[in-house]
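File shown here: model-v9.cif, holding mmCIF, C-alpha atoms.
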data_run
loop_
_atom_site.label_atom_id
_atom_site.label_comp_id
_atom_site.auth_asym_id
_atom_site.auth_seq_id
_atom_site.Cartn_x
_atom_site.Cartn_y
_atom_site.Cartn_z
CA SER A 111 69.30 36.98 26.29
CA GLN A 112 70.88 40.23 27.33
CA GLN A 113 68.66 43.24 26.79
CA GLY A 114 70.90 45.91 28.20
CA GLU A 115 74.56 46.26 27.42
CA GLU A 116 76.53 48.79 29.42
CA ASP A 117 79.48 50.66 28.09
CA PRO A 118 82.24 50.91 29.14
CA GLN A 119 82.71 47.67 31.02
CA ALA A 120 85.06 49.38 33.41
CA LEU A 121 85.83 53.01 34.20
CA SER A 122 88.45 54.51 36.46
CA ILE A 123 88.38 58.22 37.34
CA GLN A 124 89.71 60.64 39.93
CA GLU A 125 87.55 61.90 42.75
CA GLY A 126 85.71 65.05 41.72
CA GLU A 127 85.50 64.09 38.05
CA ASN A 128 82.28 63.18 36.31
CA ALA A 129 81.51 59.59 35.33
CA THR A 130 79.37 58.69 32.35
CA MET A 131 78.16 55.22 31.52
CA ASN A 132 75.87 54.11 28.76
CA CYS A 133 73.26 51.43 28.28
CA SER A 134 71.90 50.12 25.01
CA TYR A 135 68.89 47.87 24.66
CA LYS A 136 67.17 46.00 21.87
CA THR A 137 63.39 46.15 22.17
CA SER A 138 60.87 48.84 23.04
CA ILE A 139 60.52 49.49 26.74
CA ASN A 140 58.11 50.93 29.29
CA ASN A 141 60.83 52.24 31.53
CA LEU A 142 64.51 51.95 32.26
CA GLN A 143 66.11 51.82 35.68
CA TRP A 144 69.63 52.18 36.97
CA TYR A 145 70.95 50.23 39.94
CA ARG A 146 74.20 50.27 41.90
CA GLN A 147 75.89 47.23 43.38
CA ASN A 148 78.68 47.48 45.89
CA SER A 149 81.00 44.51 46.07
CA GLY A 150 79.36 41.57 47.80
CA ARG A 151 76.05 43.35 48.26
CA GLY A 152 72.60 43.39 46.71
CA LEU A 153 71.59 45.95 44.11
CA VAL A 154 70.28 49.34 45.14
CA HIS A 155 67.82 51.26 43.01
CA LEU A 156 69.07 54.67 41.85
CA ILE A 157 66.61 56.13 39.39
CA LEU A 158 63.79 55.23 37.01
CA ILE A 159 63.04 56.97 33.72
CA ARG A 160 59.87 56.27 31.78
CA SER A 161 59.78 55.82 28.04
CA ASN A 162 58.08 59.21 27.54
CA GLU A 163 60.77 61.05 29.51
CA ARG A 164 64.04 62.27 28.06
CA GLU A 165 65.96 63.35 31.13
CA LYS A 166 65.75 62.93 34.86
CA HIS A 167 67.81 64.17 37.80
CA SER A 168 68.34 62.90 41.31
CA GLY A 169 71.00 64.58 43.38
CA ARG A 170 74.32 64.10 41.58
CA LEU A 171 72.75 61.69 39.09
CA ARG A 172 71.47 62.61 35.67
CA VAL A 173 69.86 60.05 33.40
CA THR A 174 68.97 60.53 29.77
CA LEU A 175 66.90 58.29 27.55
CA ASP A 176 66.86 58.23 23.76
CA THR A 177 64.21 55.77 22.65
CA SER A 178 65.01 56.32 18.97
CA LYS A 179 68.53 55.07 19.58
CA LYS A 180 67.45 52.61 22.26
CA SER A 181 70.04 53.96 24.63
CA SER A 182 70.38 55.61 28.01
CA SER A 183 73.21 57.28 29.86
CA LEU A 184 73.91 57.75 33.54
CA LEU A 185 76.04 60.70 34.59
CA ILE A 186 77.45 60.94 38.10
CA THR A 187 78.79 64.41 38.77
CA ALA A 188 81.55 65.29 41.23
CA SER A 189 82.29 61.64 41.92
CA ARG A 190 83.38 60.42 45.33
CA ALA A 191 85.30 57.36 46.45
CA ALA A 192 82.01 56.02 47.84
CA ASP A 193 80.61 55.89 44.29
CA THR A 194 82.95 53.00 43.55
CA ALA A 195 80.61 50.19 42.56
CA SER A 196 79.10 48.40 39.59
CA TYR A 197 76.22 50.10 37.82
CA PHE A 198 73.49 48.25 35.94
CA CYS A 199 70.64 49.30 33.73
CA ALA A 200 67.41 47.30 33.77
CA THR A 201 64.65 47.37 31.21
CA ALA A 202 61.14 45.99 30.99
CA SER A 203 58.69 45.97 28.13
CA GLY A 204 55.09 45.45 29.08
CA THR A 205 55.64 43.23 32.07
CA TYR A 206 57.62 43.25 35.28
CA LYS A 207 60.17 40.91 33.76
CA TYR A 208 63.20 43.15 34.13
CA ILE A 209 66.36 42.31 32.22
CA PHE A 210 69.60 43.62 33.62
CA GLY A 211 72.60 44.66 31.60
CA THR A 212 76.15 43.49 31.96
CA GLY A 213 77.19 46.37 34.19
CA THR A 214 79.88 49.03 34.32
CA ARG A 215 82.51 48.73 37.05
CA LEU A 216 83.32 52.22 38.28
CA LYS A 217 86.38 52.92 40.37
CA VAL A 218 86.81 56.39 41.86
CA LEU A 219 90.33 57.10 43.03
CA ALA A 220 90.78 59.33 46.05
CA ASP B 951 61.59 47.84 58.04
CA ALA B 952 64.49 45.38 57.98
CA GLY B 953 64.50 45.17 54.22
CA VAL B 954 64.47 41.95 52.24
CA ILE B 955 65.88 39.11 54.30
CA GLN B 956 67.60 36.12 52.78
CA SER B 957 68.96 33.01 54.41
CA PRO B 958 71.40 31.48 54.51
CA ARG B 959 73.96 34.08 53.46
CA HIS B 960 76.42 31.39 52.45
CA GLU B 961 75.80 27.77 51.53
CA VAL B 962 78.36 25.17 50.64
CA THR B 963 77.05 21.80 49.58
CA GLU B 964 78.10 18.73 47.67
CA MET B 965 76.87 17.88 44.24
CA GLY B 966 73.62 15.95 44.37
CA GLN B 967 72.39 17.49 47.59
CA GLU B 968 69.17 19.47 47.92
CA VAL B 969 69.54 23.18 48.54
CA THR B 970 66.81 25.49 49.83
CA LEU B 971 67.19 29.23 49.76
CA ARG B 972 64.79 31.41 51.70
CA CYS B 973 63.48 34.93 51.31
CA LYS B 974 61.30 37.24 53.36
CA PRO B 975 60.15 40.22 51.29
CA ILE B 976 59.39 43.67 52.62
CA SER B 977 55.98 43.78 54.27
CA GLY B 978 53.33 45.13 51.90
CA HIS B 979 55.25 44.34 48.73
CA ASP B 980 53.22 42.24 46.33
CA TYR B 981 55.91 41.31 43.82
CA LEU B 982 58.80 38.99 44.57
CA PHE B 983 61.67 38.17 42.24
CA TRP B 984 64.42 35.54 42.31
CA TYR B 985 67.65 36.31 40.44
CA ARG B 986 70.92 34.48 39.92
CA GLN B 987 74.21 36.32 39.38
CA THR B 988 77.37 34.83 37.91
CA MET B 989 80.41 36.35 36.25
CA MET B 990 79.66 34.55 33.02
CA ARG B 991 75.94 35.27 32.67
CA GLY B 992 75.44 38.37 34.77
CA LEU B 993 72.16 38.88 36.62
CA GLU B 994 69.39 36.60 35.39
CA LEU B 995 65.74 36.66 36.40
CA LEU B 996 64.67 33.16 37.36
CA ILE B 997 61.05 33.64 38.39
CA TYR B 998 58.73 36.28 39.78
CA PHE B 999 55.53 36.20 41.79
CA ASN B 1000 52.64 38.61 42.14
CA ASN B 1001 50.40 38.19 45.19
CA ASN B 1002 52.05 34.81 45.86
CA VAL B 1003 51.25 33.49 42.37
CA PRO B 1004 54.09 32.63 39.97
CA ILE B 1005 53.77 34.87 36.92
CA ASP B 1006 56.81 34.06 34.83
CA ASP B 1007 59.16 31.16 35.44
CA SER B 1008 60.71 31.09 31.99
CA GLY B 1009 64.10 31.89 33.50
CA MET B 1010 64.22 28.79 35.66
CA PRO B 1011 67.09 26.86 34.09
CA GLU B 1012 65.68 23.37 34.37
CA ASP B 1013 63.41 21.09 36.33
CA ARG B 1014 65.93 20.83 39.12
CA PHE B 1015 64.89 24.33 40.15
CA SER B 1016 61.58 25.07 41.83
CA ALA B 1017 60.21 28.08 43.70
CA LYS B 1018 57.25 28.54 45.99
CA MET B 1019 55.58 31.38 47.78
CA PRO B 1020 53.16 29.89 50.32
CA ASN B 1021 52.27 33.30 51.76
CA ALA B 1022 53.02 36.98 51.35
CA SER B 1023 55.97 36.93 53.73
CA PHE B 1024 57.95 33.90 52.62
CA SER B 1025 59.39 32.34 49.49
CA THR B 1026 61.79 29.48 48.80
CA LEU B 1027 63.99 28.54 45.89
CA LYS B 1028 64.94 24.90 45.85
CA ILE B 1029 67.55 23.12 43.78
CA GLN B 1030 67.38 19.34 43.74
CA PRO B 1031 69.80 17.82 42.92
CA SER B 1032 72.41 20.55 42.97
CA GLU B 1033 75.28 20.66 40.47
CA PRO B 1034 78.58 22.61 40.46
CA ARG B 1035 77.27 24.87 37.67
CA ASP B 1036 74.58 26.09 40.04
CA SER B 1037 77.25 27.91 42.02
CA ALA B 1038 76.28 31.58 42.01
CA VAL B 1039 74.88 34.36 44.15
CA TYR B 1040 71.11 34.15 44.38
CA PHE B 1041 69.18 37.34 45.08
CA CYS B 1042 65.63 37.86 46.14
CA ALA B 1043 63.97 41.22 45.49
CA SER B 1044 60.56 42.66 46.22
CA THR B 1045 58.57 45.66 45.11
CA ALA B 1046 55.19 47.25 45.78
CA LEU B 1047 54.35 48.50 42.32
CA GLY B 1048 56.63 46.42 40.14
CA TYR B 1049 59.11 49.21 39.53
CA GLU B 1050 61.76 50.02 42.12
CA GLN B 1051 63.03 46.69 43.35
CA TYR B 1052 64.52 46.20 46.80
CA PHE B 1053 67.17 43.52 46.81
CA GLY B 1054 68.22 41.27 49.63
CA PRO B 1055 71.88 40.71 50.50
CA GLY B 1056 72.01 37.49 48.49
CA THR B 1057 72.93 33.89 49.18
CA ARG B 1058 76.30 32.77 47.90
CA LEU B 1059 75.93 29.13 46.87
CA THR B 1060 78.92 26.92 46.26
CA VAL B 1061 78.35 23.39 45.00
CA THR B 1062 81.42 21.17 45.14
#

The structure given in the file should be rewritten as structure tokens.
Amino acid sequence: SQQGEEDPQALSIQEGENATMNCSYKTSINNLQWYRQNSGRGLVHLILIRSNEREKHSGRLRVTLDTSKKSSSLLITASRAADTASYFCATASGTYKYIFGTGTRLKVLA
Amino acid sequence: DAGVIQSPRHEVTEMGQEVTLRCKPISGHDYLFWYRQTMMRGLELLIYFNNNVPIDDSGMPEDRFSAKMPNASFSTLKIQPSEPRDSAVYFCASTALGYEQYFGPGTRLTVT
């Protein structure tokens, strides 16, 4: 069963704009991760946020976590054409059995 | 390090044939995961190993699927017999602490 559901399913923005995508999950978690997947490639880890953290930054990425709402958001600031990819959240609760969401397809137009 | 290595990158086979997918994890990583990705079902965890021991295989779709990890540097995922609905991209991933996973490039399997 799907744990994480990303929203929106697809997003198209202009280069330089910010992109925000959201992830909702159903059960309590230990941590939540975001991954990027370029077309035809494997997933690449972007950032991990633990259940006791509310916000985390890494370069142009900002992740927030609201455990009361069981949701997370990924913000990419000053987007570039190279950010065009699919973005997935992954959650685990108590084990290393990560469940990936359905993904957000981001297209950044130059 | 070369990263996670998977072979073959592409596999086309006929229904009923045996298919073996291979994975070499990153040296020193003690967790290995097998995933399947399709448009319909997204990315699904099939099975994962810790120190070569299968920990959770609840995602393996049916008895036609089997996975082994004979040593720390090699794992196989076998489908016998294969069916058209097994067509998907199969990913192997490894990690040292069970958190940040490093994915291989995937094997695109087509069963005709």

To verify the selection step, state as a PyMOL selection string which residues the PyMOL selection byres ((chain A) within 6 of (chain B)) yields on this input. chain A and resi 151-153+206+212

Here is a test: counting only C-alpha atoms, which residue of A:His167, A:Lys207, A:Arg215, A:Lys180 is nearest to Ser122 in chain A?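 Residue with the minimum atom-to-atom distance to Ser122 in chain A: A:Arg215.
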
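A straight line drawn from CA of Cys133 in chain A to CA of Ile209 in chain A is 12.1 Å long.
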
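Between CA of Ser957 in chain B and CA of Val1061 in chain B there is a distance of 16.4 Å.
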
List the residues selected by the PyMOL selection byres ((chain B and resi 961-963) around 9) in the file shown, writing them as a PDB file with C-alpha atoms, keeping the file's coordinate frame.
ATOM      1  CA  PRO B 958      71.400  31.480  54.510  1.00  0.00           C
ATOM      2  CA  ARG B 959      73.960  34.080  53.460  1.00  0.00           C
ATOM      3  CA  HIS B 960      76.420  31.390  52.450  1.00  0.00           C
ATOM      4  CA  GLU B 964      78.100  18.730  47.670  1.00  0.00           C
ATOM      5  CA  MET B 965      76.870  17.880  44.240  1.00  0.00           C
ATOM      6  CA  GLY B 966      73.620  15.950  44.370  1.00  0.00           C
ATOM      7  CA  GLN B 967      72.390  17.490  47.590  1.00  0.00           C
ATOM      8  CA  GLU B 968      69.170  19.470  47.920  1.00  0.00           C
ATOM      9  CA  VAL B 969      69.540  23.180  48.540  1.00  0.00           C
ATOM     10  CA  LEU B 971      67.190  29.230  49.760  1.00  0.00           C
ATOM     11  CA  SER B1032      72.410  20.550  42.970  1.00  0.00           C
ATOM     12  CA  THR B1057      72.930  33.890  49.180  1.00  0.00           C
ATOM     13  CA  ARG B1058      76.300  32.770  47.900  1.00  0.00           C
ATOM     14  CA  LEU B1059      75.930  29.130  46.870  1.00  0.00           C
ATOM     15  CA  THR B1060      78.920  26.920  46.260  1.00  0.00           C
ATOM     16  CA  VAL B1061      78.350  23.390  45.000  1.00  0.00           C
ATOM     17  CA  THR B1062      81.420  21.170  45.140  1.00  0.00           C
TER      18      THR B1062
END

Nearest-residue call for Tyr135 in chain A, choices A:Ala188, A:Ile123, A:Ala220, A:Ala200, using only C-alpha atoms: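 Among the listed residues, the smallest separation from Tyr135 in chain A belongs to A:Ala200.
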
Measuring atom to atom with only C-alpha atoms, identify which of A:Asn140, A:Asn148, A:Thr174, A:Thr187 is nearest to Gly126 in chain A.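 Looking only at the distances to Gly126 in chain A, the closest residue turns out to be A:Thr187.
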
To verify the selection step, state as a PyMOL selection string which residues the PyMOL selection byres ((chain A and resi 132) around 9) yields on this input. chain A and resi 115-118+130-131+133-134+181-185+199+214

In Å to one decimal, how far is CA of Ile976 in chain B from CA of Asn1001 in chain B?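 Result for CA of Asn1001 in chain B versus CA of Ile976 in chain B: 12.9 Å, one decimal.
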
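Remark: for Gly211 in chain A, the closest of the candidate residues B:Asp1036, B:Gln987, B:Cys973, B:Ser1023 is B:Gln987 (distances computed over only C-alpha atoms).
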
I'd like the box whose edges run along x, y and z of the file and which contains every listed atom of range 154-171 of chain A, padded by 8 Å per side; could you state its centre and edge lengths in Å, one decimal, as lines of an AutoDock Vina configuration file?
center_x = 66.2
center_y = 57.0
center_z = 36.3
size_x = 32.2
size_y = 31.2
size_z = 33.6
